[in-house]
file model_35.cif (mmCIF, C-alpha atoms)
data_target
#
loop_
_atom_site.group_PDB
_atom_site.id
_atom_site.type_symbol
_atom_site.label_atom_id
_atom_site.label_comp_id
_atom_site.auth_asym_id
_atom_site.auth_seq_id
_atom_site.Cartn_x
_atom_site.Cartn_y
_atom_site.Cartn_z
ATOM 1 C CA MET A 726 71.236 102.424 105.883
ATOM 2 C CA LYS A 727 71.329 104.464 102.663
ATOM 3 C CA ARG A 728 74.556 106.338 101.948
ATOM 4 C CA ALA A 729 72.598 109.528 101.185
ATOM 5 C CA GLU A 730 71.243 109.572 104.741
ATOM 6 C CA ARG A 731 74.649 109.370 106.407
ATOM 7 C CA ILE A 732 76.662 112.416 107.460
ATOM 8 C CA GLY A 733 80.448 112.310 107.621
ATOM 9 C CA ILE A 734 81.929 114.913 109.946
ATOM 10 C CA VAL A 735 85.564 115.817 109.459
ATOM 11 C CA GLY A 736 86.893 117.256 112.699
ATOM 12 C CA GLY A 737 83.935 116.064 114.729
ATOM 13 C CA THR A 738 85.979 115.616 117.910
ATOM 14 C CA GLY A 739 86.972 119.313 118.015
ATOM 15 C CA MET A 740 85.077 122.022 119.880
ATOM 16 C CA LEU A 741 82.856 123.189 117.020
ATOM 17 C CA GLY A 742 82.399 119.809 115.358
ATOM 18 C CA SER A 743 81.425 118.066 118.581
ATOM 19 C CA ALA A 744 79.052 120.932 119.470
ATOM 20 C CA ILE A 745 77.275 120.526 116.127
ATOM 21 C CA ILE A 746 77.017 116.767 116.620
ATOM 22 C CA GLU A 747 75.629 117.308 120.126
ATOM 23 C CA GLY A 748 73.028 119.727 118.798
ATOM 24 C CA LEU A 749 72.002 117.467 115.928
ATOM 25 C CA LEU A 750 71.578 114.474 118.218
ATOM 26 C CA SER A 751 69.718 116.449 120.886
ATOM 27 C CA SER A 752 67.298 117.789 118.274
ATOM 28 C CA GLY A 753 66.398 114.287 117.104
ATOM 29 C CA THR A 754 67.090 115.317 113.502
ATOM 30 C CA VAL A 755 69.648 112.529 113.182
ATOM 31 C CA THR A 756 70.681 109.504 115.230
ATOM 32 C CA ALA A 757 74.164 108.387 116.215
ATOM 33 C CA LYS A 758 73.920 105.562 113.668
ATOM 34 C CA THR A 759 73.695 108.097 110.812
ATOM 35 C CA ILE A 760 76.929 109.895 111.751
ATOM 36 C CA SER A 761 80.520 108.962 110.980
ATOM 37 C CA VAL A 762 83.356 111.040 112.421
ATOM 38 C CA LEU A 763 86.824 111.344 110.889
ATOM 39 C CA SER A 764 89.417 111.731 113.641
ATOM 40 C CA ARG A 765 93.188 111.581 113.265
ATOM 41 C CA SER A 766 93.522 109.926 116.662
ATOM 42 C CA GLY A 767 90.579 107.581 116.219
ATOM 43 C CA GLN A 768 89.478 108.543 119.724
ATOM 44 C CA PRO A 769 85.966 109.884 120.443
ATOM 45 C CA GLY A 770 87.051 112.678 122.810
ATOM 46 C CA PHE A 771 84.013 114.721 123.886
ATOM 47 C CA LEU A 772 81.807 112.321 121.923
ATOM 48 C CA ALA A 773 82.463 109.291 124.143
ATOM 49 C CA ARG A 774 78.983 109.705 125.661
ATOM 50 C CA HIS A 775 77.489 108.772 122.280
ATOM 51 C CA PRO A 776 78.730 105.195 121.839
ATOM 52 C CA GLY A 777 76.734 104.628 118.654
ATOM 53 C CA LEU A 778 78.880 107.018 116.634
ATOM 54 C CA ASP A 779 81.228 105.573 114.024
ATOM 55 C CA ILE A 780 84.738 106.988 114.642
ATOM 56 C CA THR A 781 87.261 106.383 111.866
ATOM 57 C CA THR A 782 90.745 107.480 110.795
ATOM 58 C CA ASP A 783 90.095 106.482 107.159
ATOM 59 C CA ALA A 784 89.000 109.410 104.970
ATOM 60 C CA ASP A 785 88.287 107.153 101.977
ATOM 61 C CA ARG A 786 85.983 104.978 104.088
ATOM 62 C CA LEU A 787 84.187 108.041 105.449
ATOM 63 C CA CYS A 788 83.524 109.421 101.976
ATOM 64 C CA GLU A 789 82.467 106.020 100.645
ATOM 65 C CA ASN A 790 79.883 105.552 103.403
ATOM 66 C CA CYS A 791 78.440 109.090 103.655
ATOM 67 C CA GLY A 792 76.583 111.192 101.085
ATOM 68 C CA THR A 793 76.951 114.464 103.030
ATOM 69 C CA LEU A 794 80.194 115.769 104.509
ATOM 70 C CA LEU A 795 80.558 118.489 107.128
ATOM 71 C CA LEU A 796 84.048 119.984 107.428
ATOM 72 C CA ALA A 797 84.704 121.352 110.915
ATOM 73 C CA VAL A 798 88.499 121.301 111.152
ATOM 74 C CA PRO A 799 90.599 124.430 111.872
ATOM 75 C CA PRO A 800 91.068 126.552 108.721
ATOM 76 C CA ALA A 801 94.832 125.942 108.757
ATOM 77 C CA ALA A 802 94.087 122.288 107.973
ATOM 78 C CA ALA A 803 92.695 123.306 104.570
ATOM 79 C CA ALA A 804 96.248 123.517 103.233
ATOM 80 C CA THR A 805 96.728 119.743 103.388
ATOM 81 C CA LEU A 806 93.158 118.420 103.522
ATOM 82 C CA ARG A 807 92.069 116.311 100.538
ATOM 83 C CA LEU A 808 88.862 114.277 100.374
ATOM 84 C CA PRO A 809 87.489 112.057 97.565
ATOM 85 C CA ALA A 810 84.025 113.607 97.593
ATOM 86 C CA ALA A 811 83.267 114.635 94.013
ATOM 87 C CA ASP A 812 79.618 113.502 94.165
ATOM 88 C CA HIS A 813 78.910 114.622 97.749
ATOM 89 C CA LEU A 814 77.063 117.527 99.317
ATOM 90 C CA VAL A 815 79.864 119.295 101.183
ATOM 91 C CA LEU A 816 79.100 121.631 104.080
ATOM 92 C CA SER A 817 81.885 123.592 105.735
ATOM 93 C CA VAL A 818 82.081 125.684 108.900
ATOM 94 C CA MET A 819 85.796 126.422 108.480
ATOM 95 C CA ALA A 820 86.426 130.139 108.951
ATOM 96 C CA GLY A 821 87.698 131.943 105.877
ATOM 97 C CA VAL A 822 87.846 128.923 103.546
ATOM 98 C CA THR A 823 86.058 129.887 100.325
ATOM 99 C CA ARG A 824 83.685 127.823 98.223
ATOM 100 C CA ASP A 825 86.262 127.612 95.436
ATOM 101 C CA ARG A 826 88.844 126.278 97.860
ATOM 102 C CA LEU A 827 86.344 123.775 99.267
ATOM 103 C CA SER A 828 85.729 122.471 95.735
ATOM 104 C CA GLU A 829 89.477 122.029 95.291
ATOM 105 C CA ILE A 830 89.721 120.112 98.572
ATOM 106 C CA THR A 831 86.832 117.751 97.829
ATOM 107 C CA GLY A 832 86.324 117.768 94.064
ATOM 108 C CA SER A 833 82.653 118.582 94.675
ATOM 109 C CA HIS A 834 80.631 121.302 92.952
ATOM 110 C CA ARG A 835 77.822 120.942 95.529
ATOM 111 C CA VAL A 836 79.448 123.089 98.201
ATOM 112 C CA VAL A 837 77.908 125.091 101.045
ATOM 113 C CA ARG A 838 80.105 127.433 103.064
ATOM 114 C CA ALA A 839 78.683 128.317 106.471
ATOM 115 C CA MET A 840 79.608 129.825 109.816
ATOM 116 C CA SER A 841 78.291 128.399 113.075
ATOM 117 C CA SER A 842 79.289 128.454 116.751
ATOM 118 C CA PRO A 843 79.711 126.194 119.796
ATOM 119 C CA ALA A 844 76.231 127.337 120.874
ATOM 120 C CA ALA A 845 75.090 124.596 118.469
ATOM 121 C CA ALA A 846 75.382 122.135 121.362
ATOM 122 C CA LEU A 847 72.492 123.971 123.055
ATOM 123 C CA GLY A 848 70.495 124.450 119.866
ATOM 124 C CA LEU A 849 71.283 128.178 120.032
ATOM 125 C CA ALA A 850 73.699 128.726 117.132
ATOM 126 C CA TYR A 851 73.129 131.141 114.290
ATOM 127 C CA THR A 852 74.384 129.525 111.078
ATOM 128 C CA PRO A 853 74.298 131.613 107.893
ATOM 129 C CA TRP A 854 75.388 129.874 104.692
ATOM 130 C CA VAL A 855 76.129 130.474 101.017
ATOM 131 C CA ALA A 856 75.712 127.773 98.370
ATOM 132 C CA SER A 857 77.666 127.167 95.181
ATOM 133 C CA ASP A 858 75.851 127.093 91.838
ATOM 134 C CA GLY A 859 75.937 123.283 91.811
ATOM 135 C CA VAL A 860 73.859 122.935 94.994
ATOM 136 C CA THR A 861 70.425 121.509 94.193
ATOM 137 C CA ALA A 862 67.049 122.357 95.689
ATOM 138 C CA GLU A 863 67.190 119.069 97.589
ATOM 139 C CA ASP A 864 70.660 119.993 98.900
ATOM 140 C CA ARG A 865 69.326 123.335 100.101
ATOM 141 C CA HIS A 866 66.481 121.626 101.910
ATOM 142 C CA ARG A 867 68.916 119.255 103.637
ATOM 143 C CA THR A 868 71.247 122.122 104.551
ATOM 144 C CA THR A 869 68.393 124.136 106.064
ATOM 145 C CA ALA A 870 67.183 121.110 108.024
ATOM 146 C CA LEU A 871 70.619 120.310 109.468
ATOM 147 C CA PHE A 872 71.589 123.860 110.390
ATOM 148 C CA GLY A 873 68.059 124.634 111.570
ATOM 149 C CA ALA A 874 68.355 121.738 114.013
ATOM 150 C CA ILE A 875 71.167 123.513 115.894
ATOM 151 C CA GLY A 876 69.601 126.976 116.066
ATOM 152 C CA LEU A 877 68.614 129.629 113.537
ATOM 153 C CA THR A 878 69.862 129.674 109.952
ATOM 154 C CA ASP A 879 69.700 131.850 106.844
ATOM 155 C CA ALA A 880 70.783 131.358 103.242
ATOM 156 C CA LEU A 881 72.806 134.375 102.075
ATOM 157 C CA ASP A 882 73.775 135.597 98.599
ATOM 158 C CA GLU A 883 77.131 137.259 99.337
ATOM 159 C CA GLU A 884 79.979 134.950 100.363
ATOM 160 C CA ALA A 885 81.994 137.894 101.713
ATOM 161 C CA HIS A 886 79.333 138.433 104.374
ATOM 162 C CA LEU A 887 80.347 135.160 106.054
ATOM 163 C CA ASP A 888 83.635 136.720 107.145
ATOM 164 C CA HIS A 889 81.635 139.313 109.066
ATOM 165 C CA PHE A 890 79.475 136.648 110.676
ATOM 166 C CA THR A 891 82.675 134.871 111.705
ATOM 167 C CA ALA A 892 83.252 137.975 113.837
ATOM 168 C CA LEU A 893 79.640 138.754 114.786
ATOM 169 C CA THR A 894 78.089 135.418 115.728
ATOM 170 C CA GLY A 895 80.833 132.789 115.477
ATOM 171 C CA PRO A 896 82.758 133.519 118.698
ATOM 172 C CA VAL A 897 80.036 132.724 121.239
ATOM 173 C CA PRO A 898 80.133 134.140 123.855
ATOM 174 C CA GLY A 899 83.149 136.155 122.630
ATOM 175 C CA PHE A 900 82.349 139.827 122.326
ATOM 176 C CA VAL A 901 79.251 139.556 124.492
ATOM 177 C CA ALA A 902 81.429 138.062 127.242
ATOM 178 C CA PHE A 903 83.812 141.019 126.852
ATOM 179 C CA PHE A 904 81.026 143.491 127.592
ATOM 180 C CA ALA A 905 79.777 141.325 130.471
ATOM 181 C CA ASP A 906 83.301 141.224 131.902
ATOM 182 C CA ALA A 907 83.529 145.033 131.710
ATOM 183 C CA MET A 908 80.252 145.350 133.628
ATOM 184 C CA THR A 909 81.344 142.802 136.233
ATOM 185 C CA ALA A 910 84.660 144.588 136.728
ATOM 186 C CA HIS A 911 82.838 147.917 137.172
ATOM 187 C CA ALA A 912 80.564 146.392 139.808
ATOM 188 C CA GLU A 913 83.567 145.084 141.718
ATOM 189 C CA THR A 914 85.258 148.509 141.669
ATOM 190 C CA GLN A 915 82.135 149.838 143.374
ATOM 191 C CA GLY A 916 82.673 147.403 146.232
ATOM 192 C CA ILE A 917 80.126 144.777 145.205
ATOM 193 C CA PRO A 918 81.303 141.271 146.210
ATOM 194 C CA PRO A 919 82.740 139.413 143.179
ATOM 195 C CA GLU A 920 80.373 136.451 143.616
ATOM 196 C CA ALA A 921 77.306 138.700 143.577
ATOM 197 C CA ALA A 922 78.635 140.761 140.660
ATOM 198 C CA ASP A 923 79.302 137.612 138.627
ATOM 199 C CA ARG A 924 75.879 136.112 139.349
ATOM 200 C CA ALA A 925 74.081 139.391 138.652
ATOM 201 C CA ILE A 926 75.709 140.018 135.278
ATOM 202 C CA ARG A 927 75.257 136.418 134.136
ATOM 203 C CA GLN A 928 71.553 136.711 134.942
ATOM 204 C CA LEU A 929 71.340 140.086 133.210
ATOM 205 C CA PHE A 930 72.712 138.692 129.943
ATOM 206 C CA LEU A 931 70.513 135.611 130.173
ATOM 207 C CA ALA A 932 67.418 137.775 130.635
ATOM 208 C CA ALA A 933 68.439 140.316 127.992
ATOM 209 C CA GLY A 934 69.138 137.575 125.467
ATOM 210 C CA ARG A 935 65.764 135.956 126.055
ATOM 211 C CA MET A 936 63.935 139.269 125.852
ATOM 212 C CA MET A 937 65.623 140.333 122.616
ATOM 213 C CA ALA A 938 65.156 136.880 121.076
ATOM 214 C CA GLU A 939 61.437 136.724 121.866
ATOM 215 C CA ASP A 940 60.426 140.394 121.548
ATOM 216 C CA THR A 941 59.547 141.959 118.198
ATOM 217 C CA LEU A 942 61.341 145.147 119.292
ATOM 218 C CA SER A 943 64.808 145.462 117.742
ATOM 219 C CA PRO A 944 67.919 146.055 119.881
ATOM 220 C CA ALA A 945 67.894 149.660 118.703
ATOM 221 C CA GLY A 946 64.264 149.846 119.746
ATOM 222 C CA HIS A 947 65.111 148.639 123.251
ATOM 223 C CA VAL A 948 67.808 151.310 123.539
ATOM 224 C CA ARG A 949 65.446 154.025 122.309
ATOM 225 C CA GLN A 950 62.733 152.851 124.702
ATOM 226 C CA MET A 951 65.092 153.159 127.685
ATOM 227 C CA ILE A 952 66.354 156.581 126.602
ATOM 228 C CA ASP A 953 62.827 157.874 126.075
ATOM 229 C CA TYR A 954 61.888 156.647 129.557
ATOM 230 C CA ALA A 955 64.461 159.157 130.838
ATOM 231 C CA GLY A 956 65.397 157.187 133.934
ATOM 232 C CA THR A 957 68.695 155.964 135.364
ATOM 233 C CA THR A 958 69.423 153.666 132.414
ATOM 234 C CA ALA A 959 68.844 156.552 130.026
ATOM 235 C CA ALA A 960 71.618 158.536 131.702
ATOM 236 C CA GLY A 961 74.058 155.671 131.202
ATOM 237 C CA LEU A 962 72.994 154.968 127.636
ATOM 238 C CA GLN A 963 73.228 158.621 126.685
ATOM 239 C CA ALA A 964 76.755 158.797 128.101
ATOM 240 C CA MET A 965 77.683 155.774 125.974
ATOM 241 C CA GLU A 966 75.994 157.249 122.899
ATOM 242 C CA ASP A 967 78.085 160.411 123.367
ATOM 243 C CA SER A 968 81.295 158.370 123.666
ATOM 244 C CA PRO A 969 83.332 156.720 120.870
ATOM 245 C CA ILE A 970 82.275 153.240 122.032
ATOM 246 C CA ARG A 971 80.251 152.403 118.885
ATOM 247 C CA GLY A 972 83.189 153.176 116.632
ATOM 248 C CA LEU A 973 85.557 151.152 118.802
ATOM 249 C CA ILE A 974 83.233 148.138 118.725
ATOM 250 C CA SER A 975 83.035 148.452 114.949
ATOM 251 C CA GLU A 976 86.849 148.517 114.739
ATOM 252 C CA GLY A 977 87.072 145.340 116.803
ATOM 253 C CA LEU A 978 84.533 143.511 114.650
ATOM 254 C CA ALA A 979 86.246 144.691 111.461
ATOM 255 C CA ALA A 980 89.590 143.389 112.771
ATOM 256 C CA ALA A 981 88.039 139.980 113.434
ATOM 257 C CA ALA A 982 86.509 139.862 109.941
ATOM 258 C CA ALA A 983 89.850 140.832 108.398
ATOM 259 C CA LYS A 984 91.509 137.976 110.290
ATOM 260 C CA ALA A 985 88.886 135.571 108.918
ATOM 261 C CA ARG A 986 89.748 136.629 105.377
ATOM 262 C CA GLU A 987 93.471 136.308 106.118
ATOM 263 C CA ILE A 988 93.389 132.787 107.562
ATOM 264 C CA GLY A 989 91.277 131.545 104.655
#
call {"tool": "encode", "arguments": {"input": "model_35.cif", "output": "structure tokens"}}
result
Amino acid sequence: MKRAERIGIVGGTGMLGSAIIEGLLSSGTVTAKTISVLSRSGQPGFLARHPGLDITTDADRLCENCGTLLLAVPPAAAATLRLPAADHLVLSVMAGVTRDRLSEITGSHRVVRAMSSPAAALGLAYTPWVASDGVTAEDRHRTTALFGAIGLTDALDEEAHLDHFTALTGPVPGFVAFFADAMTAHAETQGIPPEAADRAIRQLFLAAGRMMAEDTLSPAGHVRQMIDYAGTTAAGLQAMEDSPIRGLISEGLAAAAAKAREIG
């Protein structure tokens, strides 16, 4: 198999790395035979159900055999990570680690910094990315194909925006789960059995997600539609609109983005 077709995944046995591998394999975009995984333990972990994967502890061997590298280790590992990958396309989903730092780690000038999420395993991730000047048109096509196989993807111009997406779309279910938990807790305080409250709110978020994903109406449009209908939901939404909740949510997201910049 040609080296250019092989993908080396550094940190592929972790939560995010294994989710991306799962999504890529499920999509049919790649096969297990095209993937090599660098693991300190040499153990497949979550990936044991894909016996065709090449698991190695040898970084030199990984880089020698693969033309594309995907870095999915925790950002703290960037301090000691070094890879001989000067002529490789390097993709990274490490939070906060800049393109300049990625070039230092790998020696490559063909660097793409991205942010994805564990929803990749279900093909439901959103993966925005920013390319370095050395990334070719062919590299961009490959990047779009790989990230598009695990969900939706966009090429961005501003690297700083990735820190915000680390907060907005990286921690799935994260902030959405927080709001769902608040609704479930409210239902329970009203005497609704916990099992029913849990099932109801899970179904609500499943339905709402599908509707917003497939409808041309924006989230703001859905809110406006409910308020204009002037029913029971309108009363609740208007009470929230009159509260400081929007500002508090913004503060939380800003704190997460600031942490992304700090750890990088």
call {"tool": "resolve_selection", "arguments": {"input": "model_35.cif", "expression": "the PyMOL selection byres ((chain A and resi 843) around 6)", "output": "VMD selection string"}}
result
chain A and resid 741 744 842 844 to 845
call {"tool": "closest_residue", "arguments": {"input": "model_35.cif", "among": "A:Ala933, A:Ala729, A:Ala979, A:Ala985", "to": "Pro800 of chain A", "atoms": "only C-alpha atoms"}}
result
A:Ala985
call {"tool": "closest_residue", "arguments": {"input": "model_35.cif", "among": "A:Leu942, A:Leu931, A:Ala811, A:Ala846", "to": "Glu789 of chain A", "atoms": "only C-alpha atoms"}}
result
A:Ala811
call {"tool": "closest_residue", "arguments": {"input": "model_35.cif", "among": "A:Pro919, A:Gly821, A:Gly859, A:Gly876", "to": "Phe890 of chain A", "atoms": "all atoms listed in the file"}}
result
A:Gly821
call {"tool": "residues_near_point", "arguments": {"input": "model_35.cif", "point": "(84.5, 117.6, 114.1)", "cutoff": "12 Å", "atoms": "all atoms listed in the file", "output": "MDAnalysis selection string"}}
result
chainID A and resid 732:747 760:765 767:772 780:781 794:799 817:819 843
call {"tool": "resolve_selection", "arguments": {"input": "model_35.cif", "expression": "the PyMOL selection byres ((chain A and resi 895) around 10)", "output": "mmCIF file with C-alpha atoms, keeping the file's coordinate frame"}}
result
data_model
loop_
_atom_site.group_PDB
_atom_site.id
_atom_site.type_symbol
_atom_site.label_atom_id
_atom_site.label_comp_id
_atom_site.auth_asym_id
_atom_site.auth_seq_id
_atom_site.Cartn_x
_atom_site.Cartn_y
_atom_site.Cartn_z
ATOM 1 C CA LEU A 741 82.856 123.189 117.020
ATOM 2 C CA VAL A 818 82.081 125.684 108.900
ATOM 3 C CA ALA A 820 86.426 130.139 108.951
ATOM 4 C CA MET A 840 79.608 129.825 109.816
ATOM 5 C CA SER A 841 78.291 128.399 113.075
ATOM 6 C CA SER A 842 79.289 128.454 116.751
ATOM 7 C CA PRO A 843 79.711 126.194 119.796
ATOM 8 C CA ALA A 844 76.231 127.337 120.874
ATOM 9 C CA ALA A 850 73.699 128.726 117.132
ATOM 10 C CA TYR A 851 73.129 131.141 114.290
ATOM 11 C CA THR A 852 74.384 129.525 111.078
ATOM 12 C CA LEU A 887 80.347 135.160 106.054
ATOM 13 C CA ASP A 888 83.635 136.720 107.145
ATOM 14 C CA HIS A 889 81.635 139.313 109.066
ATOM 15 C CA PHE A 890 79.475 136.648 110.676
ATOM 16 C CA THR A 891 82.675 134.871 111.705
ATOM 17 C CA ALA A 892 83.252 137.975 113.837
ATOM 18 C CA LEU A 893 79.640 138.754 114.786
ATOM 19 C CA THR A 894 78.089 135.418 115.728
ATOM 20 C CA PRO A 896 82.758 133.519 118.698
ATOM 21 C CA VAL A 897 80.036 132.724 121.239
ATOM 22 C CA PRO A 898 80.133 134.140 123.855
ATOM 23 C CA GLY A 899 83.149 136.155 122.630
ATOM 24 C CA PHE A 900 82.349 139.827 122.326
#
call {"tool": "closest_residue", "arguments": {"input": "model_35.cif", "among": "A:Arg728, A:Arg774, A:His813, A:Arg865", "to": "Thr759 of chain A", "atoms": "all atoms listed in the file"}}
result
A:Arg728
call {"tool": "closest_residue", "arguments": {"input": "model_35.cif", "among": "A:Ala802, A:Val901, A:Ala960, A:Ala874", "to": "Leu847 of chain A", "atoms": "all atoms listed in the file"}}
result
A:Ala874
call {"tool": "closest_residue", "arguments": {"input": "model_35.cif", "among": "A:Thr909, A:Met965, A:Leu973, A:Met936", "to": "Ala921 of chain A", "atoms": "only C-alpha atoms"}}
result
A:Thr909
call {"tool": "resolve_selection", "arguments": {"input": "model_35.cif", "expression": "the PyMOL selection byres ((chain A and resi 753) around 12)", "output": "ChimeraX atom specification"}}
result
/A:746-752,754-757,759,848,870-871,873-875
call {"tool": "atom_distance", "arguments": {"input": "model_35.cif", "atom1": "atom CA of Glu913 of chain A", "atom2": "atom CA of Gly961 of chain A"}}
result
17.7 Å
call {"tool": "build_atoms", "arguments": {"input": "model_35.cif", "residues": "segment 922-931 of chain A", "atoms": "all heavy atoms", "output": "PDB file, keeping the file's coordinate frame"}}
result
ATOM      1  N   ALA A 922      78.484 140.077 141.946  1.00  0.00           N
ATOM      2  CA  ALA A 922      78.635 140.761 140.660  1.00  0.00           C
ATOM      3  C   ALA A 922      78.568 139.761 139.511  1.00  0.00           C
ATOM      4  O   ALA A 922      77.880 139.978 138.502  1.00  0.00           O
ATOM      5  CB  ALA A 922      79.948 141.528 140.630  1.00  0.00           C
ATOM      6  N   ASP A 923      79.282 138.643 139.666  1.00  0.00           N
ATOM      7  CA  ASP A 923      79.302 137.612 138.627  1.00  0.00           C
ATOM      8  C   ASP A 923      77.907 137.037 138.391  1.00  0.00           C
ATOM      9  O   ASP A 923      77.442 136.929 137.252  1.00  0.00           O
ATOM     10  CB  ASP A 923      80.275 136.501 139.025  1.00  0.00           C
ATOM     11  CG  ASP A 923      80.320 135.382 138.005  1.00  0.00           C
ATOM     12  OD1 ASP A 923      80.923 135.587 136.932  1.00  0.00           O
ATOM     13  OD2 ASP A 923      79.753 134.298 138.266  1.00  0.00           O
ATOM     14  N   ARG A 924      77.216 136.705 139.462  1.00  0.00           N
ATOM     15  CA  ARG A 924      75.879 136.112 139.349  1.00  0.00           C
ATOM     16  C   ARG A 924      74.895 137.112 138.729  1.00  0.00           C
ATOM     17  O   ARG A 924      74.065 136.755 137.887  1.00  0.00           O
ATOM     18  CB  ARG A 924      75.398 135.647 140.722  1.00  0.00           C
ATOM     19  CG  ARG A 924      74.104 134.861 140.692  1.00  0.00           C
ATOM     20  CD  ARG A 924      73.920 133.991 141.919  1.00  0.00           C
ATOM     21  NE  ARG A 924      74.165 134.689 143.173  1.00  0.00           N
ATOM     22  CZ  ARG A 924      75.215 134.459 143.966  1.00  0.00           C
ATOM     23  NH1 ARG A 924      76.121 133.548 143.630  1.00  0.00           N
ATOM     24  NH2 ARG A 924      75.368 135.126 145.095  1.00  0.00           N
ATOM     25  N   ALA A 925      74.998 138.367 139.151  1.00  0.00           N
ATOM     26  CA  ALA A 925      74.081 139.391 138.652  1.00  0.00           C
ATOM     27  C   ALA A 925      74.239 139.626 137.150  1.00  0.00           C
ATOM     28  O   ALA A 925      73.249 139.700 136.407  1.00  0.00           O
ATOM     29  CB  ALA A 925      74.304 140.698 139.409  1.00  0.00           C
ATOM     30  N   ILE A 926      75.478 139.728 136.692  1.00  0.00           N
ATOM     31  CA  ILE A 926      75.709 140.018 135.278  1.00  0.00           C
ATOM     32  C   ILE A 926      75.378 138.816 134.406  1.00  0.00           C
ATOM     33  O   ILE A 926      74.839 138.957 133.300  1.00  0.00           O
ATOM     34  CB  ILE A 926      77.161 140.495 135.055  1.00  0.00           C
ATOM     35  CG1 ILE A 926      77.424 141.770 135.867  1.00  0.00           C
ATOM     36  CG2 ILE A 926      77.413 140.766 133.573  1.00  0.00           C
ATOM     37  CD1 ILE A 926      76.452 142.902 135.598  1.00  0.00           C
ATOM     38  N   ARG A 927      75.661 137.617 134.887  1.00  0.00           N
ATOM     39  CA  ARG A 927      75.257 136.418 134.136  1.00  0.00           C
ATOM     40  C   ARG A 927      73.731 136.398 133.947  1.00  0.00           C
ATOM     41  O   ARG A 927      73.218 136.112 132.862  1.00  0.00           O
ATOM     42  CB  ARG A 927      75.694 135.149 134.869  1.00  0.00           C
ATOM     43  CG  ARG A 927      77.179 134.836 134.785  1.00  0.00           C
ATOM     44  CD  ARG A 927      77.507 133.627 135.649  1.00  0.00           C
ATOM     45  NE  ARG A 927      78.918 133.355 135.731  1.00  0.00           N
ATOM     46  CZ  ARG A 927      79.583 132.504 134.929  1.00  0.00           C
ATOM     47  NH1 ARG A 927      78.921 131.844 133.988  1.00  0.00           N
ATOM     48  NH2 ARG A 927      80.880 132.308 135.070  1.00  0.00           N
ATOM     49  N   GLN A 928      73.019 136.711 135.014  1.00  0.00           N
ATOM     50  CA  GLN A 928      71.553 136.711 134.942  1.00  0.00           C
ATOM     51  C   GLN A 928      71.045 137.820 134.032  1.00  0.00           C
ATOM     52  O   GLN A 928      70.069 137.646 133.297  1.00  0.00           O
ATOM     53  CB  GLN A 928      70.952 136.847 136.340  1.00  0.00           C
ATOM     54  CG  GLN A 928      69.445 136.674 136.400  1.00  0.00           C
ATOM     55  CD  GLN A 928      69.000 135.242 136.108  1.00  0.00           C
ATOM     56  OE1 GLN A 928      69.828 134.338 136.049  1.00  0.00           O
ATOM     57  NE2 GLN A 928      67.712 135.040 135.936  1.00  0.00           N
ATOM     58  N   LEU A 929      71.714 138.967 134.077  1.00  0.00           N
ATOM     59  CA  LEU A 929      71.340 140.086 133.210  1.00  0.00           C
ATOM     60  C   LEU A 929      71.426 139.685 131.741  1.00  0.00           C
ATOM     61  O   LEU A 929      70.497 139.935 130.962  1.00  0.00           O
ATOM     62  CB  LEU A 929      72.265 141.278 133.474  1.00  0.00           C
ATOM     63  CG  LEU A 929      72.201 142.408 132.440  1.00  0.00           C
ATOM     64  CD1 LEU A 929      70.855 143.113 132.517  1.00  0.00           C
ATOM     65  CD2 LEU A 929      73.348 143.386 132.626  1.00  0.00           C
ATOM     66  N   PHE A 930      72.530 139.050 131.351  1.00  0.00           N
ATOM     67  CA  PHE A 930      72.712 138.692 129.943  1.00  0.00           C
ATOM     68  C   PHE A 930      71.782 137.553 129.533  1.00  0.00           C
ATOM     69  O   PHE A 930      71.317 137.511 128.392  1.00  0.00           O
ATOM     70  CB  PHE A 930      74.177 138.350 129.667  1.00  0.00           C
ATOM     71  CG  PHE A 930      75.001 139.570 129.386  1.00  0.00           C
ATOM     72  CD1 PHE A 930      75.381 140.417 130.416  1.00  0.00           C
ATOM     73  CD2 PHE A 930      75.366 139.897 128.099  1.00  0.00           C
ATOM     74  CE1 PHE A 930      76.107 141.566 130.166  1.00  0.00           C
ATOM     75  CE2 PHE A 930      76.103 141.042 127.830  1.00  0.00           C
ATOM     76  CZ  PHE A 930      76.475 141.884 128.865  1.00  0.00           C
ATOM     77  N   LEU A 931      71.488 136.659 130.460  1.00  0.00           N
ATOM     78  CA  LEU A 931      70.513 135.611 130.173  1.00  0.00           C
ATOM     79  C   LEU A 931      69.148 136.233 129.903  1.00  0.00           C
ATOM     80  O   LEU A 931      68.483 135.917 128.904  1.00  0.00           O
ATOM     81  CB  LEU A 931      70.419 134.633 131.351  1.00  0.00           C
ATOM     82  CG  LEU A 931      69.311 133.582 131.264  1.00  0.00           C
ATOM     83  CD1 LEU A 931      69.532 132.656 130.078  1.00  0.00           C
ATOM     84  CD2 LEU A 931      69.231 132.782 132.568  1.00  0.00           C
TER      85      LEU A 931
END
